[in-house]
$ cat run37.cif   # mmCIF, C-alpha atoms
data_entry
loop_
_atom_site.label_atom_id
_atom_site.label_comp_id
_atom_site.auth_asym_id
_atom_site.auth_seq_id
_atom_site.Cartn_x
_atom_site.Cartn_y
_atom_site.Cartn_z
CA MET A 1 99.91 120.41 77.94
CA SER A 2 99.45 121.49 81.54
CA ALA A 3 98.53 117.96 82.53
CA ARG A 4 101.69 116.57 80.91
CA LEU A 5 103.82 119.20 82.55
CA LEU A 6 102.38 118.44 85.94
CA ALA A 7 102.75 114.70 85.45
CA VAL A 8 106.43 114.95 84.51
CA ALA A 9 107.07 117.41 87.30
CA SER A 10 105.35 115.15 89.85
CA VAL A 11 107.51 112.20 88.82
CA CYS A 12 110.62 114.36 89.26
CA ALA A 13 109.45 115.41 92.69
CA VAL A 14 108.77 111.86 93.79
CA LEU A 15 112.14 110.65 92.49
CA SER A 16 114.11 113.43 94.09
CA GLY A 17 112.21 112.99 97.34
CA GLY A 18 112.67 109.24 97.33
CA LEU A 19 116.42 109.48 96.73
CA SER A 20 116.82 111.71 99.69
CA ALA A 21 114.89 109.58 102.18
CA GLY A 22 116.70 107.95 105.11
CA CYS A 23 116.13 104.97 107.41
CA ALA A 24 114.57 104.59 110.87
CA SER A 25 116.39 103.08 113.88
CA ASN A 26 115.27 99.79 115.52
CA VAL A 27 114.81 99.63 119.29
CA PRO A 28 113.72 96.30 120.86
CA VAL A 29 111.18 96.40 123.70
CA ILE A 30 111.81 93.24 125.73
CA ILE A 31 109.07 92.11 128.10
CA ASP A 32 110.57 90.12 130.99
CA PHE A 33 108.16 87.47 132.29
CA PRO A 34 108.82 86.15 135.80
CA SER A 35 108.78 82.54 134.54
CA PRO A 36 108.04 80.49 131.40
CA ALA A 37 104.82 79.26 133.06
CA SER A 38 103.60 82.82 133.55
CA ALA A 39 103.92 83.42 129.80
CA VAL A 40 102.07 80.22 128.95
CA ILE A 41 99.01 81.07 131.07
CA SER A 42 98.88 84.60 129.61
CA SER A 43 96.58 85.48 126.72
CA ASN A 44 97.03 89.10 125.69
CA ALA A 45 98.95 92.20 126.64
CA ASP A 46 98.00 95.85 126.66
CA ILE A 47 100.88 98.28 126.19
CA VAL A 48 100.48 101.94 127.07
CA MET A 49 103.17 104.56 126.50
CA VAL A 50 102.54 107.53 128.78
CA PRO A 51 104.48 110.71 127.91
CA ILE A 52 106.57 112.01 130.81
CA ASP A 53 108.94 114.90 131.56
CA GLU A 54 111.80 115.53 133.98
CA ASN A 55 109.34 116.02 136.84
CA THR A 56 107.60 112.68 136.35
CA LEU A 57 110.54 110.30 135.93
CA ASP A 58 109.37 108.34 139.00
CA ILE A 59 105.77 108.03 137.85
CA CYS A 60 105.76 104.24 137.39
CA PRO A 61 104.39 103.25 140.82
CA GLN A 62 101.44 105.58 140.27
CA LEU A 63 100.68 104.08 136.87
CA LEU A 64 100.64 100.45 137.99
CA GLY A 65 97.14 99.45 138.93
CA THR A 66 95.57 102.55 137.41
CA PRO A 67 92.72 101.34 135.19
CA THR A 68 92.77 104.14 132.61
CA LEU A 69 96.00 105.70 131.40
CA ASP A 70 96.41 108.68 129.13
CA GLY A 71 98.85 107.77 126.39
CA ILE A 72 99.47 105.74 123.26
CA GLU A 73 97.67 102.45 123.85
CA ILE A 74 98.08 99.18 121.97
CA GLU A 75 95.41 96.80 123.20
CA GLY A 76 94.98 93.06 123.03
CA VAL A 77 98.33 91.96 121.60
CA PRO A 78 98.44 88.14 121.79
CA ILE A 79 101.41 86.82 123.75
CA CYS A 80 102.62 84.91 120.70
CA SER A 81 102.59 88.13 118.65
CA LEU A 82 104.42 89.88 121.45
CA ARG A 83 107.02 87.14 121.28
CA SER A 84 107.39 87.12 117.50
CA GLY A 85 107.65 90.91 117.38
CA THR A 86 104.85 93.44 117.30
CA ALA A 87 105.66 96.90 115.95
CA LEU A 88 104.81 99.71 118.33
CA PRO A 89 104.35 103.35 117.37
CA ASP A 90 107.22 105.74 117.98
CA PRO A 91 106.22 107.90 120.96
CA GLY A 92 108.98 110.37 120.09
CA GLY A 93 110.57 111.12 123.46
CA ALA A 94 110.47 110.15 127.10
CA VAL A 95 107.68 107.80 128.09
CA ALA A 96 106.66 105.37 130.77
CA VAL A 97 106.05 102.04 129.06
CA VAL A 98 103.32 100.22 130.97
CA VAL A 99 102.64 96.59 130.10
CA ARG A 100 99.62 94.71 131.42
CA VAL A 101 99.24 91.04 130.73
CA LEU A 102 95.77 89.50 130.81
CA ASP A 103 94.63 85.92 131.25
CA ASP A 104 91.90 84.15 129.28
CA ARG A 105 89.24 85.98 131.30
CA ALA A 106 90.73 89.42 130.65
CA THR A 107 92.04 89.68 134.20
CA VAL A 108 95.34 91.49 134.68
CA ILE A 109 97.75 88.88 136.05
CA LEU A 110 101.10 90.53 135.33
CA GLU A 111 102.08 94.17 135.22
CA GLY A 112 105.24 96.16 134.70
CA CYS A 113 106.44 99.66 133.95
CA GLU A 114 109.69 101.17 132.70
CA VAL A 115 110.65 104.74 132.03
CA ALA A 116 112.54 105.17 128.75
CA ASP A 117 113.73 107.96 126.54
CA VAL A 118 112.94 106.73 123.05
CA HIS A 119 115.41 108.09 120.55
CA PRO A 120 117.39 106.71 117.58
CA GLY A 121 120.38 104.60 118.48
CA ARG A 122 119.36 103.81 122.05
CA GLY A 123 119.62 100.25 123.36
CA GLU A 124 116.79 97.90 124.16
CA ILE A 125 114.01 98.80 126.57
CA ARG A 126 113.28 96.11 129.17
CA VAL A 127 109.99 95.99 131.03
CA GLU A 128 110.03 93.60 133.97
CA LEU A 129 106.65 92.07 134.77
CA PHE A 130 105.44 91.29 138.29
CA PRO A 131 102.46 89.14 139.28
CA THR A 132 99.32 90.94 140.43
CA ALA A 133 97.04 89.72 143.19
CA ALA A 134 95.03 87.78 140.60
CA TYR A 135 98.01 85.83 139.28
CA SER A 136 97.99 82.90 141.70
CA ALA A 137 94.23 82.38 141.24
CA THR A 138 94.69 82.12 137.48
CA LEU A 139 97.63 79.76 137.85
CA ALA A 140 95.60 77.58 140.22
CA ARG A 141 92.60 77.60 137.87
CA LEU A 142 94.56 76.79 134.71
CA GLY A 143 96.96 74.44 136.48
CA PRO A 144 100.67 74.09 135.73
CA PRO A 145 101.08 74.41 131.96
CA ALA A 146 101.79 71.12 130.20
CA GLY A 147 103.99 72.66 127.51
CA GLY A 148 106.24 75.63 127.06
CA ILE A 149 105.73 78.79 125.06
CA ASP A 150 107.04 77.01 121.94
CA LEU A 151 104.16 74.57 122.14
CA VAL A 152 101.60 77.31 122.74
CA CYS A 153 102.85 79.51 119.94
CA GLY A 154 103.53 76.69 117.52
CA GLY A 155 107.31 76.56 117.38
CA GLY A 156 109.66 79.30 116.56
CA THR A 157 107.33 82.25 116.50
CA MET B 1 35.00 106.31 123.02
CA LYS B 2 35.80 103.47 125.44
CA ALA B 3 34.67 100.90 122.87
CA LEU B 4 36.93 102.51 120.29
CA LEU B 5 39.89 102.24 122.65
CA TRP B 6 39.17 98.54 123.26
CA CYS B 7 39.00 97.97 119.51
CA ALA B 8 42.42 99.58 119.13
CA VAL B 9 43.91 97.41 121.88
CA VAL B 10 42.42 94.23 120.40
CA ALA B 11 43.67 95.17 116.95
CA LEU B 12 47.15 95.79 118.34
CA PHE B 13 47.26 92.36 119.97
CA ALA B 14 45.98 90.76 116.77
CA LEU B 15 48.67 92.49 114.72
CA ALA B 16 51.54 91.83 117.13
CA PRO B 17 52.50 88.37 115.81
CA SER B 18 52.48 89.55 112.22
CA ILE B 19 54.66 92.54 113.16
CA ALA B 20 57.13 90.16 114.80
CA ALA B 21 57.00 87.90 111.76
CA ALA B 22 57.69 90.88 109.51
CA GLN B 23 60.96 91.56 111.33
CA SER B 24 64.07 90.47 109.54
CA PRO B 25 66.27 87.90 111.35
CA LEU B 26 68.79 90.64 112.10
CA GLN B 27 66.06 92.82 113.67
CA GLN B 28 64.94 89.80 115.70
CA ALA B 29 68.52 89.30 116.85
CA GLU B 30 68.78 92.97 117.85
CA ALA B 31 65.51 92.73 119.78
CA ALA B 32 66.61 89.55 121.57
CA TYR B 33 69.98 91.14 122.40
CA VAL B 34 68.24 94.11 124.02
CA GLU B 35 66.27 91.60 126.10
CA VAL B 36 69.56 89.85 127.07
CA ASP B 37 68.21 86.66 125.50
CA PHE B 38 71.49 85.30 124.17
CA GLU B 39 70.11 82.00 122.88
CA THR B 40 67.59 83.75 120.65
CA THR B 41 70.21 86.33 119.67
CA LEU B 42 72.51 83.49 118.62
CA THR B 43 69.94 81.68 116.47
CA ALA B 44 68.49 84.86 114.95
CA SER B 45 71.87 86.33 114.05
CA GLN B 46 72.91 83.00 112.52
CA SER B 47 69.65 83.04 110.52
CA ALA B 48 70.42 86.56 109.37
CA ILE B 49 73.84 85.45 108.13
CA ASP B 50 72.33 82.36 106.48
CA SER B 51 69.80 84.55 104.65
CA GLY B 52 72.60 85.79 102.40
CA GLU B 53 71.02 89.21 102.04
CA LEU B 54 73.23 91.33 104.28
CA SER B 55 75.32 94.36 103.38
CA PRO B 56 78.86 94.59 104.83
CA THR B 57 77.66 96.77 107.73
CA GLU B 58 74.75 94.44 108.52
CA LEU B 59 76.98 91.38 108.21
CA ALA B 60 79.54 92.82 110.63
CA ARG B 61 76.75 93.59 113.10
CA ALA B 62 75.32 90.07 112.74
CA TYR B 63 78.77 88.62 113.46
CA GLU B 64 79.08 90.94 116.46
CA LEU B 65 75.77 89.75 117.92
CA LEU B 66 76.69 86.14 117.18
CA GLY B 67 80.10 86.55 118.83
CA VAL B 68 78.79 88.20 121.99
CA SER B 69 76.07 85.55 122.30
CA ALA B 70 78.56 82.71 121.81
CA ALA B 71 80.85 84.25 124.45
CA ALA B 72 77.92 84.69 126.84
CA LEU B 73 76.91 81.07 126.34
CA GLY B 74 80.42 79.90 127.15
CA ASP B 75 81.79 79.08 123.69
CA ALA B 76 84.82 81.37 123.68
CA GLU B 77 86.51 79.63 120.76
CA ALA B 78 83.50 80.06 118.47
CA ALA B 79 83.17 83.65 119.64
CA ARG B 80 86.78 84.38 118.69
CA GLU B 81 86.30 82.89 115.21
CA VAL B 82 83.16 84.97 114.71
CA PHE B 83 84.88 88.16 115.91
CA LEU B 84 87.71 87.41 113.49
CA ARG B 85 85.18 87.43 110.67
CA MET B 86 83.61 90.62 111.96
CA LEU B 87 86.97 92.39 112.13
CA SER B 88 87.91 91.10 108.68
CA ILE B 89 84.94 92.98 107.30
CA ASP B 90 85.38 96.04 109.52
CA PRO B 91 88.81 96.20 111.23
CA ASP B 92 87.85 99.35 113.14
CA ARG B 93 84.74 97.87 114.69
CA ARG B 94 84.66 97.84 118.50
CA LEU B 95 82.28 96.20 120.94
CA ASP B 96 79.94 98.65 122.59
CA ASP B 97 80.49 99.59 126.23
CA THR B 98 77.56 97.52 127.45
CA VAL B 99 79.42 94.27 126.73
CA PRO B 100 80.85 93.09 130.08
CA PRO B 101 84.62 92.51 130.37
CA ARG B 102 84.30 88.73 130.77
CA LEU B 103 82.75 88.53 127.27
CA ARG B 104 85.43 90.73 125.73
CA ALA B 105 88.35 88.30 125.91
CA PRO B 106 87.54 86.49 122.62
CA PHE B 107 87.14 89.85 120.91
CA MET B 108 90.48 91.07 122.26
CA GLU B 109 92.16 87.89 121.02
CA ALA B 110 90.59 88.27 117.59
CA ARG B 111 91.59 91.91 117.46
CA GLY B 112 95.16 91.00 118.36
CA ILE B 113 95.27 88.44 115.58
CA VAL B 114 93.83 90.84 113.01
CA THR B 115 96.11 93.67 114.13
CA ALA B 116 99.18 91.46 113.83
CA ARG B 117 98.39 90.58 110.20
CA PRO B 118 99.54 93.09 107.61
CA ASP B 119 96.91 92.24 105.00
CA ARG B 120 93.28 93.33 105.06
CA MET B 121 90.34 91.99 103.11
CA GLY B 122 89.71 94.21 100.12
CA ALA B 123 89.34 94.54 96.37
CA GLU B 124 90.95 96.76 93.78
CA VAL B 125 89.67 97.22 90.25
CA THR B 126 91.81 98.50 87.39
CA LEU B 127 91.28 98.98 83.71
CA VAL B 128 93.28 96.84 81.27
CA ARG B 129 92.57 98.41 77.88
CA ALA B 130 94.97 96.07 76.08
CA ASN B 131 92.80 93.11 77.07
CA GLY B 132 89.50 94.96 76.83
CA ALA B 133 88.82 94.03 80.42
CA LEU B 134 88.66 95.10 84.04
CA LEU B 135 91.04 93.43 86.45
CA VAL B 136 89.84 92.67 89.98
CA ARG B 137 92.51 92.00 92.59
CA LEU B 138 91.25 90.39 95.79
CA VAL B 139 92.86 90.13 99.21
CA ASP B 140 91.18 87.55 101.45
CA PRO B 141 93.40 86.67 104.42
CA TYR B 142 90.71 84.67 106.23
CA GLU B 143 89.29 82.81 103.19
CA MET B 144 85.82 84.29 103.49
CA VAL B 145 85.28 85.22 99.86
CA GLU B 146 83.20 83.01 97.59
CA GLY B 147 83.28 85.22 94.52
CA VAL B 148 82.67 88.61 92.96
CA ARG B 149 79.89 90.34 91.04
CA LEU B 150 81.22 93.16 88.90
CA HIS B 151 78.69 95.53 87.29
CA MET B 152 80.18 97.52 84.39
CA ARG B 153 78.95 100.04 81.84
CA ALA B 154 80.51 102.48 79.43
CA GLU B 155 80.19 106.03 80.70
CA GLY B 156 76.89 107.45 79.46
CA SER B 157 75.18 104.07 79.24
CA VAL B 158 72.21 103.20 81.43
CA GLU B 159 72.37 99.43 81.77
CA TYR B 160 75.13 97.62 83.60
CA GLU B 161 76.66 94.43 82.30
CA THR B 162 77.22 92.01 85.19
CA PHE B 163 80.19 89.67 85.39
CA GLU B 164 80.31 86.98 88.06
CA ALA B 165 83.29 84.84 88.96
CA PRO B 166 84.45 82.64 91.83
CA TYR B 167 87.30 83.75 94.07
CA GLY B 168 90.70 84.32 92.58
CA GLU B 169 93.55 86.61 93.54
CA GLU B 170 93.25 88.21 90.10
CA ILE B 171 90.08 88.04 88.06
CA LEU B 172 89.89 89.40 84.53
CA ALA B 173 86.41 90.57 83.56
CA PRO B 174 86.07 90.98 79.78
CA PHE B 175 84.22 94.15 78.81
CA ALA B 176 84.35 95.24 75.16
CA PRO B 177 84.04 99.03 75.75
CA ALA B 178 87.14 98.83 77.96
CA SER B 179 89.29 98.41 74.85
CA GLY B 180 88.22 101.78 73.44
CA ASP B 181 88.70 105.30 74.71
CA ALA B 182 85.52 105.38 76.75
CA ALA B 183 85.57 105.71 80.50
CA VAL B 184 84.13 102.71 82.32
CA GLU B 185 81.82 102.93 85.30
CA TYR B 186 81.57 100.00 87.69
CA TRP B 187 80.45 98.84 91.08
CA LEU B 188 81.69 95.70 92.70
CA GLU B 189 80.29 93.24 95.21
CA VAL B 190 82.59 90.75 96.94
CA ILE B 191 80.35 88.03 98.34
CA ASP B 192 80.61 85.22 100.87
CA PRO B 193 79.38 81.62 100.29
CA ARG B 194 75.85 82.56 101.42
CA GLY B 195 75.62 85.58 99.15
CA ASN B 196 76.19 88.29 101.77
CA GLN B 197 78.25 91.27 100.71
CA LEU B 198 81.70 91.35 102.30
CA VAL B 199 83.00 94.36 100.38
CA VAL B 200 81.20 96.83 98.12
CA GLU B 201 83.05 99.30 95.92
CA GLY B 202 80.83 102.00 94.45
CA THR B 203 77.07 101.65 94.10
CA GLN B 204 74.59 101.26 91.30
CA PHE B 205 73.78 104.96 91.54
CA GLU B 206 77.25 106.23 92.35
CA PRO B 207 79.59 103.95 90.40
CA ASN B 208 83.36 104.28 90.44
CA VAL B 209 84.92 105.51 87.20
CA LEU B 210 88.00 104.19 85.41
CA GLY B 211 89.77 105.75 82.43
CA ALA B 212 88.10 109.15 82.77
CA ARG B 213 89.85 111.93 80.87
CA ALA B 214 91.01 114.90 82.83
CA VAL B 215 88.83 117.93 82.18
CA VAL B 216 90.94 120.87 80.98
CA SER B 217 89.39 124.17 81.90
CA GLY B 218 89.87 127.46 80.05
CA GLY B 219 89.35 126.12 76.56
CA GLU B 220 93.00 125.24 76.13
CA GLY B 221 93.55 123.50 72.81
CA PRO B 222 96.12 120.89 71.83
CA ALA B 223 99.75 121.98 71.42
CA PRO B 224 100.56 123.10 67.87
CA ALA B 225 102.09 120.39 65.71
CA GLY B 226 105.89 120.38 65.74
CA THR B 227 106.22 122.12 69.12
CA SER B 228 108.01 119.94 71.67
CA ILE B 229 107.20 120.23 75.35
CA LEU B 230 110.95 120.25 76.02
CA GLU B 231 111.28 123.49 74.09
CA GLU B 232 108.86 125.28 76.39
CA PRO B 233 110.74 127.47 78.90
CA VAL B 234 107.78 127.25 81.24
CA PHE B 235 108.26 123.47 81.34
CA TRP B 236 111.81 123.77 82.65
CA ILE B 237 110.82 126.47 85.12
CA ILE B 238 108.08 124.23 86.53
CA VAL B 239 110.32 121.15 86.53
CA GLY B 240 113.10 123.06 88.27
CA SER B 241 110.74 124.42 90.89
CA VAL B 242 109.13 121.10 91.56
CA VAL B 243 112.49 119.28 91.77
CA ALA B 244 113.70 121.88 94.27
CA VAL B 245 110.54 121.48 96.35
CA GLY B 246 110.71 117.69 96.01
CA ALA B 247 114.34 117.60 97.09
CA GLY B 248 113.49 119.80 100.05
CA ILE B 249 110.64 117.50 101.05
CA GLY B 250 112.88 114.47 100.51
CA ILE B 251 115.61 115.86 102.72
CA ALA B 252 113.04 116.77 105.35
CA VAL B 253 111.55 113.26 105.18
CA GLY B 254 115.04 111.76 105.32
CA VAL B 255 115.97 113.78 108.38
CA ASP B 256 112.62 112.95 109.95
CA GLN B 257 113.02 109.23 109.17
CA SER B 258 116.53 109.11 110.59
CA SER B 259 115.16 110.63 113.78
CA ARG B 260 112.37 108.03 113.97
CA VAL B 261 112.46 104.81 115.93
CA ASN B 262 110.97 101.39 115.16
CA LEU B 263 109.91 99.80 118.43
CA VAL B 264 109.57 96.02 118.19
CA THR B 265 108.54 93.76 121.06
CA GLY B 266 110.11 90.53 122.29
CA ILE B 267 109.75 88.45 125.43
CA ASN B 268 112.17 86.91 127.89
CA PHE B 269 111.88 84.73 131.01
#

$ encode --input "run37.cif" --output "structure tokens"
Amino acid sequence: MSARLLAVASVCAVLSGGLSAGCASNVPVIIDFPSPASAVISSNADIVMVPIDENTLDICPQLLGTPTLDGIEIEGVPICSLRSGTALPDPGGAVAVVVRVLDDRATVILEGCEVADVHPGRGEIRVELFPTAAYSATLARLGPPAGGIDLVCGGGT
Amino acid sequence: MKALLWCAVVALFALAPSIAAAQSPLQQAEAAYVEVDFETTLTASQSAIDSGELSPTELARAYELLGVSAAALGDAEAAREVFLRMLSIDPDRRLDDTVPPRLRAPFMEARGIVTARPDRMGAEVTLVRANGALLVRLVDPYEMVEGVRLHMRAEGSVEYETFEAPYGEEILAPFAPASGDAAVEYWLEVIDPRGNQLVVEGTQFEPNVLGARAVVSGGEGPAPAGTSILEEPVFWIIVGSVVAVGAGIGIAVGVDQSSRVNLVTGINF
């Protein structure tokens, strides 16, 4: 009898819990590439969300170029996945969003950082990317891309 | 004493080739990798995979060695394909720190691809008493599975009955004891075209169990005939308590969810 009681009670709990659940809010994170060509010669991106407070709102310049960052890290996201929409974890508060874009030899060719307070209902977060010192070498090595990002990523995604 | 030492040295040299020959292809690949001999690592790890005798852990390692070797020898595309297979078997696998950054790019690409896909290779087995069968559901996003070997026995039996079938999203394995009340013990091998194990659920000695009855402690007997559970005050007390707790958890989850954010990327030029 105890087992039946528990089973029925569990179902009730799940149902009542499920009915009360709400929905999460969507916030786009837009990565601004300097040009279409720069996106085409890119392979992957690493995204790191570094928690900040009111004293570190201007931390971005220090983070750019720093090899190891302490934060939530999403490594090796292909550019096409970045374009079609990759879900990132909710950092739950103010963060510096650092994006590093790598070429086919895992060299950082583009980098950007943006401070954002992540909370429900906020607008999009835009991270503007800038070429690193290695960018022009990669562009010269790979040559001007023959096609656009649509061609690389196979159409709409 | 000196003569004895010479004998030992000579014997060691005489035995050396046979010791090498006794190594499995995977051990040979590991040895070649330590020696930074990528060509031998490549051929030995491929031989290990071709042997069709590898467990999931060994197979993932063989793919790892194959991928690093291919990357080192300049075939980045092949390396990425191999790393995809490795990560399909073990999504949490990472290259060790000794692998130089220039060889990591194919792995990072493969990891990105695997991370972006919602489905993971796996198998789930359930009991379908109405059909007297076990149902195997397979997920194979990278089309690596050749088939399954399902070993089943009624609880208390010694011998397993083995059912083999080619790949299918749902495979029904007939097993007569499954139609009765008995619990069914099983272990499952999901295999690739060469016979290597991609996924193993349970083992011969520690099988998984389906349809086991809950053990009631305290010698509690069945409810007396004619007594409905709904007439038990304790039932309504428990239900009321659990509903209250459930509603509380639900509201908490709801509040928590509404305060959560889904971050989704996009790009712009």

$ resolve_selection --input "run37.cif" --expression "the PyMOL selection byres ((chain A and resi 118-121) around 6)" --output "NGL selection string"
(:A and (25 or 93-94 or 116-117 or 122)) or (:B and (259 or 261))

$ resolve_selection --input "run37.cif" --expression "the PyMOL selection byres ((chain A and resi 97-111) around 8)" --output "number ranges by chain"
A: 41-50, 60, 63-64, 95-96, 112-116, 127, 129-135, 138; B: 101-102, 104-105

$ resolve_selection --input "run37.cif" --expression "the PyMOL selection byres ((chain A and resi 82-88) around 9)" --output "PyMOL selection string"
(chain A and resi 28-31+44-45+47+74+77-81+89-91+153+156-157) or (chain B and resi 116+262-268)

$ atom_distance --input "run37.cif" --atom1 "atom CA of Pro106 of chain B" --atom2 "atom CA of Ala76 of chain B"
5.9 Å

$ closest_atom_pairs --input "run37.cif" --of "segment 33-134 of chain B" --to "segment 168-179 of chain B" --cutoff "8 Å" --atoms "only C-alpha atoms" --output "JSON lines"
{"residue": "B:Leu127", "atom": "CA", "partner": "B:Ala178", "partner_atom": "CA", "distance": 7.1}
{"residue": "B:Val128", "atom": "CA", "partner": "B:Ala178", "partner_atom": "CA", "distance": 7.3}
{"residue": "B:Arg129", "atom": "CA", "partner": "B:Ser179", "partner_atom": "CA", "distance": 4.5}
{"residue": "B:Ala130", "atom": "CA", "partner": "B:Ser179", "partner_atom": "CA", "distance": 6.3}
{"residue": "B:Asn131", "atom": "CA", "partner": "B:Ser179", "partner_atom": "CA", "distance": 6.7}
{"residue": "B:Gly132", "atom": "CA", "partner": "B:Ser179", "partner_atom": "CA", "distance": 4.0}
{"residue": "B:Ala133", "atom": "CA", "partner": "B:Pro174", "partner_atom": "CA", "distance": 4.2}
{"residue": "B:Leu134", "atom": "CA", "partner": "B:Ala173", "partner_atom": "CA", "distance": 5.1}

$ atom_distance --input "run37.cif" --atom1 "atom CA of Ser45 of chain B" --atom2 "atom CA of Glu81 of chain B"
14.9 Å

$ atom_distance --input "run37.cif" --atom1 "atom CA of Gln28 of chain B" --atom2 "atom CA of Ala79 of chain B"
19.6 Å

$ residues_near_point --input "run37.cif" --point "(73.3, 92.0, 103.0)" --cutoff "10 Å" --atoms "all atoms listed in the file" --output "short mmCIF file (atom, residue, chain, number, x, y, z; two decimals) with C-alpha atoms, keeping the file's coordinate frame"
data_model
loop_
_atom_site.label_atom_id
_atom_site.label_comp_id
_atom_site.auth_asym_id
_atom_site.auth_seq_id
_atom_site.Cartn_x
_atom_site.Cartn_y
_atom_site.Cartn_z
CA ALA B 48 70.42 86.56 109.37
CA ILE B 49 73.84 85.45 108.13
CA SER B 51 69.80 84.55 104.65
CA GLY B 52 72.60 85.79 102.40
CA GLU B 53 71.02 89.21 102.04
CA LEU B 54 73.23 91.33 104.28
CA SER B 55 75.32 94.36 103.38
CA PRO B 56 78.86 94.59 104.83
CA THR B 57 77.66 96.77 107.73
CA GLU B 58 74.75 94.44 108.52
CA LEU B 59 76.98 91.38 108.21
CA ALA B 60 79.54 92.82 110.63
CA ILE B 191 80.35 88.03 98.34
CA ARG B 194 75.85 82.56 101.42
CA GLY B 195 75.62 85.58 99.15
CA ASN B 196 76.19 88.29 101.77
CA GLN B 197 78.25 91.27 100.71
CA LEU B 198 81.70 91.35 102.30
#

$ residues_around --input "run37.cif" --residues "Pro207 of chain B" --least-positions-apart "3" --cutoff "6 Å" --atoms "only C-alpha atoms" --output "PyMOL selection string"
chain B and resi 185-187+202-204

$ build_atoms --input "run37.cif" --residues "segment 101-115 of chain A" --atoms "N, CA and C atoms" --output "PDB file, in the frame of the given file"
ATOM      1  N   VAL A 101      99.479  92.337 131.364  1.00  0.00           N
ATOM      2  CA  VAL A 101      99.240  91.040 130.730  1.00  0.00           C
ATOM      3  C   VAL A 101      97.948  90.458 131.300  1.00  0.00           C
ATOM      4  N   LEU A 102      97.079  89.987 130.406  1.00  0.00           N
ATOM      5  CA  LEU A 102      95.770  89.500 130.810  1.00  0.00           C
ATOM      6  C   LEU A 102      95.672  87.989 130.609  1.00  0.00           C
ATOM      7  N   ASP A 103      94.851  87.358 131.437  1.00  0.00           N
ATOM      8  CA  ASP A 103      94.630  85.920 131.250  1.00  0.00           C
ATOM      9  C   ASP A 103      93.435  85.705 130.312  1.00  0.00           C
ATOM     10  N   ASP A 104      92.981  84.470 130.206  1.00  0.00           N
ATOM     11  CA  ASP A 104      91.900  84.150 129.280  1.00  0.00           C
ATOM     12  C   ASP A 104      90.565  84.764 129.681  1.00  0.00           C
ATOM     13  N   ARG A 105      90.481  85.317 130.879  1.00  0.00           N
ATOM     14  CA  ARG A 105      89.240  85.980 131.300  1.00  0.00           C
ATOM     15  C   ARG A 105      89.425  87.495 131.388  1.00  0.00           C
ATOM     16  N   ALA A 106      90.442  87.975 130.716  1.00  0.00           N
ATOM     17  CA  ALA A 106      90.730  89.420 130.650  1.00  0.00           C
ATOM     18  C   ALA A 106      91.029  90.013 132.017  1.00  0.00           C
ATOM     19  N   THR A 107      91.584  89.186 132.895  1.00  0.00           N
ATOM     20  CA  THR A 107      92.040  89.680 134.200  1.00  0.00           C
ATOM     21  C   THR A 107      93.524  89.979 134.124  1.00  0.00           C
ATOM     22  N   VAL A 108      93.919  91.116 134.704  1.00  0.00           N
ATOM     23  CA  VAL A 108      95.340  91.490 134.680  1.00  0.00           C
ATOM     24  C   VAL A 108      96.089  90.608 135.669  1.00  0.00           C
ATOM     25  N   ILE A 109      97.008  89.785 135.164  1.00  0.00           N
ATOM     26  CA  ILE A 109      97.750  88.880 136.050  1.00  0.00           C
ATOM     27  C   ILE A 109      99.216  89.273 136.190  1.00  0.00           C
ATOM     28  N   LEU A 110      99.712  90.066 135.245  1.00  0.00           N
ATOM     29  CA  LEU A 110     101.100  90.530 135.330  1.00  0.00           C
ATOM     30  C   LEU A 110     101.130  91.996 134.918  1.00  0.00           C
ATOM     31  N   GLU A 111     102.028  92.737 135.517  1.00  0.00           N
ATOM     32  CA  GLU A 111     102.080  94.170 135.220  1.00  0.00           C
ATOM     33  C   GLU A 111     103.509  94.658 135.381  1.00  0.00           C
ATOM     34  N   GLY A 112     103.901  95.600 134.567  1.00  0.00           N
ATOM     35  CA  GLY A 112     105.240  96.160 134.700  1.00  0.00           C
ATOM     36  C   GLY A 112     105.305  97.538 134.071  1.00  0.00           C
ATOM     37  N   CYS A 113     106.305  98.297 134.467  1.00  0.00           N
ATOM     38  CA  CYS A 113     106.440  99.660 133.950  1.00  0.00           C
ATOM     39  C   CYS A 113     107.912 100.020 133.874  1.00  0.00           C
ATOM     40  N   GLU A 114     108.294 100.750 132.861  1.00  0.00           N
ATOM     41  CA  GLU A 114     109.690 101.170 132.700  1.00  0.00           C
ATOM     42  C   GLU A 114     109.711 102.547 132.054  1.00  0.00           C
ATOM     43  N   VAL A 115     110.494 103.413 132.615  1.00  0.00           N
ATOM     44  CA  VAL A 115     110.650 104.740 132.030  1.00  0.00           C
ATOM     45  C   VAL A 115     111.776 104.683 130.994  1.00  0.00           C
TER      46      VAL A 115
END
